Amino acid sequence: MSNSRLPVYVDTRTIFQQQGKLTGSVALERLPGFQQYLVDKSGEVEVELNFILNESSRKIISGSLSANVTLACQRCLEPVDIILQDRIQLALLSDEAELEYLEADLEPWVCEDKHLDLASVVEEQLILCLPIVSYHPEGDCQLGMVSTATGELAQEEMSKKAKNPFAVLQALKIDKTE
Ligand SMILES: [Zn+2]
């Protein structure tokens, strides 16, 4: 298990040619736009990013992220631990004018600078994979004990109650809505 930090920037002029691969964590403290959704603002997100030139010479950022975060349950307002996991698949554009020519199946990321700010990429992808609603599993809601459960415990409880639709909502990756 690596504890290395993801670099703050990568140089877009070289990293794709080198087929760079980065793995590491980003402290949630560095993601204020995402932190505003959280009850507990500590912790980090684990990220893997691959920088690829595809067959059409598009700059593709492909990878994944995962984070254990604490949101407010929308029924009882107590903290609820949620596991966020998502794939990242972005096409890097150096100019908004390129949007017009982008293949429909690719998500754009416009970066006009030669330095790509990785934290902002990670932050936006995290916000996109937040569940639309967050609830405790049925039966655990409004119980004080739940608020002290660790992410792992919460996950176990969720998988035990996988037939509960709310639990499924929490446990599964929620598809991007935008
Ligand atoms: Zn609740």
# chains A, B, ... in the order shown; residues from 1 in each chain; ligands from 1
call {"tool": "residues_around", "arguments": {"residues": "region 12-26 of chain A", "least_positions_apart": "3", "cutoff": "9 Å", "atoms": "only C-alpha atoms", "output": "compact mmCIF listing (two decimals) with C-alpha atoms, in the first residue's frame"}}
result
# COMPACT_ATOMS: atom_id res chain seq x y z
CA SER A 2 1.52 3.28 -1.05
CA ASN A 3 1.23 6.41 0.99
CA SER A 4 2.73 8.62 -1.66
CA ARG A 5 1.04 11.89 -2.47
CA LEU A 6 -0.14 12.62 -5.95
CA PRO A 7 1.94 15.45 -7.44
CA GLU A 29 -8.01 19.36 2.83
CA ARG A 30 -6.70 20.23 -0.61
CA LEU A 31 -10.20 19.90 -2.10
CA GLY A 43 -9.19 11.88 5.19
CA GLU A 44 -7.91 11.36 1.71
CA VAL A 45 -8.75 10.03 -1.70
CA GLU A 46 -6.71 7.30 -3.39
CA VAL A 47 -6.13 7.98 -7.07
CA GLU A 48 -4.67 6.15 -10.03
CA LEU A 49 -4.12 8.08 -13.25
CA ASN A 50 -2.76 6.89 -16.59
CA PHE A 51 -1.81 9.40 -19.25
CA ILE A 52 -2.30 7.92 -22.69
CA LEU A 53 -2.21 9.04 -26.29
CA LYS A 59 -4.62 12.94 -24.74
CA ILE A 60 -6.58 10.62 -22.48
CA ILE A 61 -6.51 10.54 -18.69
CA LEU A 92 -7.54 16.63 -22.23
CA CYS A 111 -6.61 22.88 -19.54
CA ASP A 113 -1.94 25.81 -19.28
CA LYS A 114 0.96 23.42 -19.77
CA HIS A 115 0.53 22.46 -16.13
CA LEU A 116 -2.45 20.28 -15.31
CA ALA A 119 -6.29 18.20 -7.46
CA VAL A 122 -9.80 14.75 -8.70
call {"tool": "closest_atom_pairs", "arguments": {"of": "chain A", "to": "ligand 1", "cutoff": "6 Å", "atoms": "only C-alpha atoms and all ligand atoms", "output": "tab-separated table"}}
result
residue	atom	partner	partner_atom_place_in_ligand_line	distance
A:Cys73	CA	ligand 1	1 (Zn)	4.6
A:Arg75	CA	ligand 1	1 (Zn)	5.0
A:Cys76	CA	ligand 1	1 (Zn)	4.1
A:Glu78	CA	ligand 1	1 (Zn)	5.7
A:Tyr135	CA	ligand 1	1 (Zn)	5.4
A:His136	CA	ligand 1	1 (Zn)	4.4
A:Cys141	CA	ligand 1	1 (Zn)	3.6
A:Gln142	CA	ligand 1	1 (Zn)	5.0
call {"tool": "residues_around", "arguments": {"residues": "Asp95 (chain A)", "least_positions_apart": "2", "cutoff": "12 Å", "atoms": "only C-alpha atoms", "output": "list in words"}}
result
Ala91, Leu92, Leu93, Ala97, Glu98, Leu99, Glu100, Tyr101, Leu102, Pro108, Trp109, Val110, Cys111, Glu112, Asp113 and Lys114 of chain A
call {"tool": "select_by_dssp", "arguments": {"residues": "region 59-114 of chain A", "states": "strand (DSSP E)", "output": "number ranges by chain"}}
result
A: 59-72, 79-93, 107-110
call {"tool": "write_last_selection", "arguments": {"atoms": "N, CA and C atoms", "output": "JSON list (two decimals), in the first residue's frame"}}
result
[["chain", "number", "residue", "atom", "x", "y", "z"],
["A", 59, "LYS", "N", -5.21, 13.10, -26.07],
["A", 59, "LYS", "CA", -4.62, 12.94, -24.74],
["A", 59, "LYS", "C", -5.71, 12.45, -23.79],
["A", 60, "ILE", "N", -5.55, 11.23, -23.32],
["A", 60, "ILE", "CA", -6.58, 10.62, -22.48],
["A", 60, "ILE", "C", -6.03, 10.42, -21.06],
["A", 61, "ILE", "N", -6.82, 10.82, -20.10],
["A", 61, "ILE", "CA", -6.51, 10.54, -18.69],
["A", 61, "ILE", "C", -7.48, 9.45, -18.25],
["A", 62, "SER", "N", -6.93, 8.31, -17.91],
["A", 62, "SER", "CA", -7.76, 7.16, -17.58],
["A", 62, "SER", "C", -7.32, 6.63, -16.22],
["A", 63, "GLY", "N", -8.27, 6.33, -15.37],
["A", 63, "GLY", "CA", -7.86, 5.83, -14.06],
["A", 63, "GLY", "C", -9.05, 5.62, -13.15],
["A", 64, "SER", "N", -8.81, 5.76, -11.86],
["A", 64, "SER", "CA", -9.87, 5.49, -10.90],
["A", 64, "SER", "C", -9.59, 6.27, -9.62],
["A", 65, "LEU", "N", -10.63, 6.40, -8.82],
["A", 65, "LEU", "CA", -10.46, 7.02, -7.50],
["A", 65, "LEU", "C", -11.33, 6.30, -6.49],
["A", 66, "SER", "N", -10.91, 6.34, -5.24],
["A", 66, "SER", "CA", -11.76, 5.81, -4.17],
["A", 66, "SER", "C", -11.49, 6.60, -2.89],
["A", 67, "ALA", "N", -12.56, 6.79, -2.14],
["A", 67, "ALA", "CA", -12.45, 7.55, -0.89],
["A", 67, "ALA", "C", -13.55, 7.12, 0.06],
["A", 68, "ASN", "N", -13.23, 7.06, 1.33],
["A", 68, "ASN", "CA", -14.25, 6.87, 2.36],
["A", 68, "ASN", "C", -14.57, 8.25, 2.92],
["A", 69, "VAL", "N", -15.82, 8.64, 2.80],
["A", 69, "VAL", "CA", -16.18, 9.98, 3.24],
["A", 69, "VAL", "C", -17.40, 9.92, 4.16],
["A", 70, "THR", "N", -17.58, 10.97, 4.93],
["A", 70, "THR", "CA", -18.71, 11.04, 5.85],
["A", 70, "THR", "C", -19.63, 12.18, 5.43],
["A", 71, "LEU", "N", -20.83, 11.78, 5.02],
["A", 71, "LEU", "CA", -21.86, 12.76, 4.63],
["A", 71, "LEU", "C", -22.90, 12.81, 5.74],
["A", 72, "ALA", "N", -23.85, 13.73, 5.61],
["A", 72, "ALA", "CA", -24.97, 13.77, 6.55],
["A", 72, "ALA", "C", -26.10, 12.92, 5.98],
["A", 79, "PRO", "N", -24.15, 11.64, 10.92],
["A", 79, "PRO", "CA", -23.14, 11.26, 9.91],
["A", 79, "PRO", "C", -23.36, 9.84, 9.38],
["A", 80, "VAL", "N", -23.10, 9.67, 8.11],
["A", 80, "VAL", "CA", -23.16, 8.32, 7.51],
["A", 80, "VAL", "C", -21.92, 8.16, 6.62],
["A", 81, "ASP", "N", -21.27, 7.00, 6.79],
["A", 81, "ASP", "CA", -20.04, 6.75, 6.03],
["A", 81, "ASP", "C", -20.38, 6.18, 4.66],
["A", 82, "ILE", "N", -19.79, 6.75, 3.65],
["A", 82, "ILE", "CA", -20.06, 6.37, 2.27],
["A", 82, "ILE", "C", -18.73, 6.07, 1.60],
["A", 83, "ILE", "N", -18.72, 5.03, 0.78],
["A", 83, "ILE", "CA", -17.53, 4.74, -0.01],
["A", 83, "ILE", "C", -17.76, 5.25, -1.42],
["A", 84, "LEU", "N", -16.92, 6.16, -1.85],
["A", 84, "LEU", "CA", -17.01, 6.67, -3.23],
["A", 84, "LEU", "C", -15.97, 5.97, -4.07],
["A", 85, "GLN", "N", -16.40, 5.43, -5.20],
["A", 85, "GLN", "CA", -15.47, 4.81, -6.13],
["A", 85, "GLN", "C", -15.93, 5.16, -7.52],
["A", 86, "ASP", "N", -14.99, 5.51, -8.36],
["A", 86, "ASP", "CA", -15.40, 5.83, -9.72],
["A", 86, "ASP", "C", -14.22, 5.66, -10.66],
["A", 87, "ARG", "N", -14.55, 5.46, -11.92],
["A", 87, "ARG", "CA", -13.52, 5.45, -12.95],
["A", 87, "ARG", "C", -13.35, 6.88, -13.47],
["A", 88, "ILE", "N", -12.16, 7.16, -13.93],
["A", 88, "ILE", "CA", -11.89, 8.46, -14.54],
["A", 88, "ILE", "C", -11.55, 8.21, -16.00],
["A", 89, "GLN", "N", -12.20, 8.93, -16.89],
["A", 89, "GLN", "CA", -11.91, 8.79, -18.32],
["A", 89, "GLN", "C", -12.15, 10.15, -18.94],
["A", 90, "LEU", "N", -11.07, 10.88, -19.16],
["A", 90, "LEU", "CA", -11.19, 12.25, -19.63],
["A", 90, "LEU", "C", -10.29, 12.47, -20.84],
["A", 91, "ALA", "N", -10.75, 13.32, -21.74],
["A", 91, "ALA", "CA", -9.91, 13.76, -22.85],
["A", 91, "ALA", "C", -9.41, 15.15, -22.54],
["A", 92, "LEU", "N", -8.10, 15.33, -22.56],
["A", 92, "LEU", "CA", -7.54, 16.63, -22.23],
["A", 92, "LEU", "C", -7.53, 17.52, -23.47],
["A", 93, "LEU", "N", -8.16, 18.68, -23.35],
["A", 93, "LEU", "CA", -8.20, 19.64, -24.45],
["A", 93, "LEU", "C", -7.43, 20.88, -24.01],
["A", 107, "GLU", "N", -15.36, 12.44, -22.30],
["A", 107, "GLU", "CA", -15.62, 13.58, -21.42],
["A", 107, "GLU", "C", -14.45, 14.55, -21.53],
["A", 108, "PRO", "N", -14.72, 15.83, -21.76],
["A", 108, "PRO", "CA", -13.60, 16.76, -21.91],
["A", 108, "PRO", "C", -13.07, 17.30, -20.58],
["A", 109, "TRP", "N", -11.79, 17.61, -20.57],
["A", 109, "TRP", "CA", -11.20, 18.40, -19.50],
["A", 109, "TRP", "C", -10.34, 19.45, -20.18],
["A", 110, "VAL", "N", -10.75, 20.72, -20.04],
["A", 110, "VAL", "CA", -10.04, 21.79, -20.73],
["A", 110, "VAL", "C", -8.95, 22.34, -19.80]]
call {"tool": "atom_distance", "arguments": {"atom1": "CA of Leu38 (chain A)", "atom2": "CA of Pro131 (chain A)"}}
result
12.2 Å
call {"tool": "closest_residue", "arguments": {"among": "A:Ser56, A:Glu103, A:Leu77, A:Ser120", "to": "Val8 (chain A)", "atoms": "only C-alpha atoms"}}
result
A:Ser120
call {"tool": "residues_around", "arguments": {"residues": "Ile127 (chain A)", "least_positions_apart": "2", "cutoff": "10 Å", "atoms": "only C-alpha atoms", "output": "ChimeraX atom specification"}}
result
/A:33-35,37,84,122-125,129-131,176
call {"tool": "write_last_selection", "arguments": {"atoms": "C-alpha atoms", "output": "PDB file, in the first residue's frame"}}
result
ATOM      1  CA  GLY A  33     -14.967  22.499  -3.176  1.00  0.00           C
ATOM      2  CA  PHE A  34     -15.557  18.844  -2.328  1.00  0.00           C
ATOM      3  CA  GLN A  35     -15.069  19.286   1.427  1.00  0.00           C
ATOM      4  CA  TYR A  37     -20.288  18.316   1.104  1.00  0.00           C
ATOM      5  CA  LEU A  84     -17.012   6.673  -3.226  1.00  0.00           C
ATOM      6  CA  VAL A 122      -9.797  14.746  -8.699  1.00  0.00           C
ATOM      7  CA  GLU A 123     -12.106  17.209  -6.963  1.00  0.00           C
ATOM      8  CA  GLU A 124     -14.515  17.479  -9.859  1.00  0.00           C
ATOM      9  CA  GLN A 125     -14.612  13.714 -10.378  1.00  0.00           C
ATOM     10  CA  CYS A 129     -19.719  10.560  -8.069  1.00  0.00           C
ATOM     11  CA  LEU A 130     -21.386  11.800  -4.886  1.00  0.00           C
ATOM     12  CA  PRO A 131     -24.673   9.985  -4.339  1.00  0.00           C
ATOM     13  CA  LYS A 176     -22.751  10.386 -13.245  1.00  0.00           C
TER      14      LYS A 176
END
